[in-house]
Amino acid sequence: MFAVALPASAASDLEAESFRGSDVSSSVWVAGFGACLTAGTDPASLPVPGCDLDDPDATGDGVLSLTDTSPFTTGWLLHDRELPTVAGLDVTFTMSQWGGSDADGISFFVTKGSQPLVNLGGGGGRLGYAPGSGDGLPHALLGIGFDALGNFSNSVGGTGCENAPLLPGMAPDWVVVRGPGHQRAGYCLLGGTHVAPLGFILSGSYWDEGAEEWVPGTRAGAAIDVRVRIDAPDEPTPGVHVSLDGVPVLSVDLPAEYLAEPTIKFGFAGSNGQQYNNHEIWDFGVATIGALPATGASPGAVTMWGLLLLGAGAGAVSMGTRRRRFLA
């Protein structure tokens, strides 16, 4: 048997999951602290339980609920399988924050693929990423916060962040990227954008001054399509780029710690503090940006990247067929 070079393949769909039904199509997901499927009725279902709501969503119209409107809760969904960084990653999903009192937010985070992904960081404004009363997300590489209230955009990093850029303090409607961290060190701010001037209000709930009450909003009214593109490490200036509803809102350089990792894992968290919202995602997909390098052995050998793709299971379906927005 001898090694041969195989032709490079096209960009590859690595995982796709709509979260619209009563179960998920892949076993790679790990849900915790109340995260559940709103169309599901079995709270014991694995790997993602049903929410068992009094009035569940119809199959096809459900979402993945990270939190309901209970205060001081943080729910999470982890993808516990390594994905390659070599060809870049193109992540898409729809999110909605609504139903409560405008806090706190949703995070999408990336960790070292070689390490177990089992715990979160702090709750509330830490969005499951940065350290709070306890440690931050272990072996963290990137934390992208869709910060409705403004605490993730404030000073919630760990130690060693003295030279990090500063934002104007706590303010709503920021998209923020924080960098690598472990335990209490790091999680420093890399960059952020105030997206309200661009026309994006991250929470559908709002305070009605005249009525002196919170207006909850709706899932459909607060829905935003998110795209996160993470460049391949060999790009001239590799970065992470965030778009909302097709509008680019933030780009920052990738940290050296990310560039050194051949594989990553990822997850989502939604977090409530004293103020709260429903935090929901659906129509998730991740693909490579470019072609995976294809080398193997003859005859019949499979590359490491091929093994990752073969292991993606039923969730690895065409991303071109999965998008369907909720109707207002």
# chains A, B, ... in the order shown; residues from 1 in each chain; ligands from 1
call {"tool": "select_by_dssp", "arguments": {"residues": "region 15-256 of chain A", "states": "strand (DSSP E)", "output": "MDAnalysis selection string"}}
result
chainID A and resid 15:17 29:32 36:37 64:67 74:84 89:98 105:112 140:147 174:178 181:182 185:186 189:194 206:208 213:215 224:230 239:244 247:253
call {"tool": "select_by_dssp", "arguments": {"residues": "region 207-247 of chain A", "states": "helix (DSSP H, G or I)", "output": "list in words"}}
result
Arg219, Ala220, Gly221 and Ala222 of chain A
call {"tool": "atom_distance", "arguments": {"atom1": "CA of Val226 (chain A)", "atom2": "CA of Asp245 (chain A)"}}
result
6.3 Å
call {"tool": "atom_distance", "arguments": {"atom1": "CA of Leu137 (chain A)", "atom2": "CA of Gly122 (chain A)"}}
result
7.8 Å
call {"tool": "closest_residue", "arguments": {"among": "A:Gln274, A:Ala16, A:His182, A:Ala291", "to": "Gly125 (chain A)", "atoms": "only C-alpha atoms"}}
result
A:Gln274
call {"tool": "closest_residue", "arguments": {"among": "A:Ala10, A:Leu127, A:His279, A:Asp253", "to": "Thr38 (chain A)", "atoms": "only C-alpha atoms"}}
result
A:His279
call {"tool": "residues_around", "arguments": {"residues": "region 90-92 of chain A", "least_positions_apart": "3", "cutoff": "9 Å", "atoms": "only C-alpha atoms", "output": "PDB file with N, CA and C atoms, in the first residue's frame"}}
result
ATOM      1  N   ASP A 225     -31.245  35.913  10.340  1.00  0.00           N
ATOM      2  CA  ASP A 225     -30.344  34.928   9.747  1.00  0.00           C
ATOM      3  C   ASP A 225     -28.900  35.325  10.043  1.00  0.00           C
ATOM      4  N   VAL A 226     -28.129  34.389  10.546  1.00  0.00           N
ATOM      5  CA  VAL A 226     -26.748  34.639  10.939  1.00  0.00           C
ATOM      6  C   VAL A 226     -25.820  33.803  10.064  1.00  0.00           C
ATOM      7  N   ARG A 227     -24.723  34.413   9.664  1.00  0.00           N
ATOM      8  CA  ARG A 227     -23.662  33.687   8.963  1.00  0.00           C
ATOM      9  C   ARG A 227     -22.324  34.026   9.599  1.00  0.00           C
ATOM     10  N   VAL A 228     -21.572  32.996   9.942  1.00  0.00           N
ATOM     11  CA  VAL A 228     -20.233  33.146  10.510  1.00  0.00           C
ATOM     12  C   VAL A 228     -19.269  32.400   9.603  1.00  0.00           C
ATOM     13  N   ARG A 229     -18.378  33.123   8.961  1.00  0.00           N
ATOM     14  CA  ARG A 229     -17.370  32.517   8.088  1.00  0.00           C
ATOM     15  C   ARG A 229     -16.007  32.624   8.764  1.00  0.00           C
ATOM     16  N   ILE A 230     -15.372  31.484   8.952  1.00  0.00           N
ATOM     17  CA  ILE A 230     -14.053  31.428   9.583  1.00  0.00           C
ATOM     18  C   ILE A 230     -13.069  30.988   8.511  1.00  0.00           C
ATOM     19  N   ASP A 231     -12.149  31.865   8.170  1.00  0.00           N
ATOM     20  CA  ASP A 231     -11.238  31.593   7.068  1.00  0.00           C
ATOM     21  C   ASP A 231     -10.324  30.409   7.350  1.00  0.00           C
ATOM     22  N   ASP A 283     -32.549  25.935  11.726  1.00  0.00           N
ATOM     23  CA  ASP A 283     -31.974  25.922  10.372  1.00  0.00           C
ATOM     24  C   ASP A 283     -30.454  26.113  10.403  1.00  0.00           C
ATOM     25  N   PHE A 284     -29.797  25.231  11.139  1.00  0.00           N
ATOM     26  CA  PHE A 284     -28.347  25.283  11.284  1.00  0.00           C
ATOM     27  C   PHE A 284     -27.660  24.502  10.165  1.00  0.00           C
ATOM     28  N   GLY A 285     -26.513  25.017   9.713  1.00  0.00           N
ATOM     29  CA  GLY A 285     -25.674  24.277   8.783  1.00  0.00           C
ATOM     30  C   GLY A 285     -24.234  24.724   8.892  1.00  0.00           C
ATOM     31  N   VAL A 286     -23.308  23.808   8.624  1.00  0.00           N
ATOM     32  CA  VAL A 286     -21.894  24.161   8.561  1.00  0.00           C
ATOM     33  C   VAL A 286     -21.271  23.424   7.391  1.00  0.00           C
ATOM     34  N   ALA A 287     -20.501  24.149   6.600  1.00  0.00           N
ATOM     35  CA  ALA A 287     -19.812  23.601   5.430  1.00  0.00           C
ATOM     36  C   ALA A 287     -18.398  24.154   5.406  1.00  0.00           C
ATOM     37  N   THR A 288     -17.542  23.516   4.642  1.00  0.00           N
ATOM     38  CA  THR A 288     -16.235  24.110   4.382  1.00  0.00           C
ATOM     39  C   THR A 288     -16.405  25.273   3.402  1.00  0.00           C
ATOM     40  N   ILE A 289     -15.482  26.225   3.446  1.00  0.00           N
ATOM     41  CA  ILE A 289     -15.480  27.315   2.468  1.00  0.00           C
ATOM     42  C   ILE A 289     -14.815  26.859   1.181  1.00  0.00           C
TER      43      ILE A 289
END
call {"tool": "decode", "arguments": {"residues": "region 108-134 of chain A", "atoms": "N, CA and C atoms", "output": "short mmCIF file (atom, residue, chain, number, x, y, z; two decimals), in the first residue's frame"}}
result
data_model
loop_
_atom_site.label_atom_id
_atom_site.label_comp_id
_atom_site.auth_asym_id
_atom_site.auth_seq_id
_atom_site.Cartn_x
_atom_site.Cartn_y
_atom_site.Cartn_z
N PHE A 108 -22.33 31.82 20.02
CA PHE A 108 -21.81 30.72 19.22
C PHE A 108 -20.33 30.64 19.53
N PHE A 109 -19.85 29.48 19.96
CA PHE A 109 -18.47 29.39 20.42
C PHE A 109 -17.75 28.22 19.78
N VAL A 110 -16.42 28.34 19.76
CA VAL A 110 -15.54 27.34 19.14
C VAL A 110 -14.47 26.96 20.15
N THR A 111 -14.18 25.66 20.27
CA THR A 111 -13.17 25.17 21.20
C THR A 111 -12.21 24.23 20.47
N LYS A 112 -11.12 23.88 21.14
CA LYS A 112 -10.14 22.97 20.58
C LYS A 112 -10.77 21.60 20.30
N GLY A 113 -10.58 21.10 19.09
CA GLY A 113 -11.17 19.82 18.73
C GLY A 113 -10.58 18.65 19.48
N SER A 114 -9.35 18.75 19.94
CA SER A 114 -8.69 17.64 20.63
C SER A 114 -9.14 17.49 22.07
N GLN A 115 -9.92 18.45 22.58
CA GLN A 115 -10.32 18.44 23.98
C GLN A 115 -11.81 18.14 24.12
N PRO A 116 -12.21 17.51 25.23
CA PRO A 116 -13.64 17.25 25.44
C PRO A 116 -14.41 18.56 25.59
N LEU A 117 -15.61 18.57 25.06
CA LEU A 117 -16.49 19.74 25.16
C LEU A 117 -17.63 19.35 26.09
N VAL A 118 -17.50 19.71 27.36
CA VAL A 118 -18.45 19.19 28.35
C VAL A 118 -19.02 20.27 29.26
N ASN A 119 -18.37 21.41 29.41
CA ASN A 119 -18.80 22.43 30.35
C ASN A 119 -18.94 23.78 29.67
N LEU A 120 -19.64 24.68 30.34
CA LEU A 120 -19.78 26.06 29.86
C LEU A 120 -19.05 27.02 30.78
N GLY A 121 -19.01 28.28 30.34
CA GLY A 121 -18.51 29.35 31.19
C GLY A 121 -19.63 29.93 32.03
N GLY A 122 -19.50 31.22 32.35
CA GLY A 122 -20.45 31.85 33.24
C GLY A 122 -21.79 32.13 32.59
N GLY A 123 -22.81 32.31 33.42
CA GLY A 123 -24.15 32.61 32.95
C GLY A 123 -24.39 34.10 32.80
N GLY A 124 -25.66 34.48 32.67
CA GLY A 124 -26.01 35.89 32.52
C GLY A 124 -25.28 36.50 31.34
N GLY A 125 -24.67 37.67 31.56
CA GLY A 125 -23.99 38.38 30.49
C GLY A 125 -22.74 37.71 29.99
N ARG A 126 -22.26 36.65 30.66
CA ARG A 126 -21.09 35.93 30.15
C ARG A 126 -21.46 35.02 28.99
N LEU A 127 -22.75 34.76 28.79
CA LEU A 127 -23.27 33.99 27.65
C LEU A 127 -22.65 32.60 27.54
N GLY A 128 -22.30 32.00 28.69
CA GLY A 128 -21.74 30.65 28.67
C GLY A 128 -20.31 30.57 28.19
N TYR A 129 -19.66 31.70 27.96
CA TYR A 129 -18.32 31.71 27.39
C TYR A 129 -17.28 32.25 28.38
N ALA A 130 -17.41 33.48 28.77
CA ALA A 130 -16.42 34.10 29.65
C ALA A 130 -16.61 33.61 31.09
N PRO A 131 -15.57 33.73 31.93
CA PRO A 131 -15.70 33.32 33.33
C PRO A 131 -16.62 34.25 34.10
N GLY A 132 -17.38 33.65 35.02
CA GLY A 132 -18.20 34.43 35.94
C GLY A 132 -17.75 34.13 37.35
N SER A 133 -18.64 33.59 38.18
CA SER A 133 -18.24 33.17 39.52
C SER A 133 -17.33 31.94 39.44
N GLY A 134 -17.43 31.19 38.34
CA GLY A 134 -16.54 30.06 38.09
C GLY A 134 -15.72 30.29 36.84
#
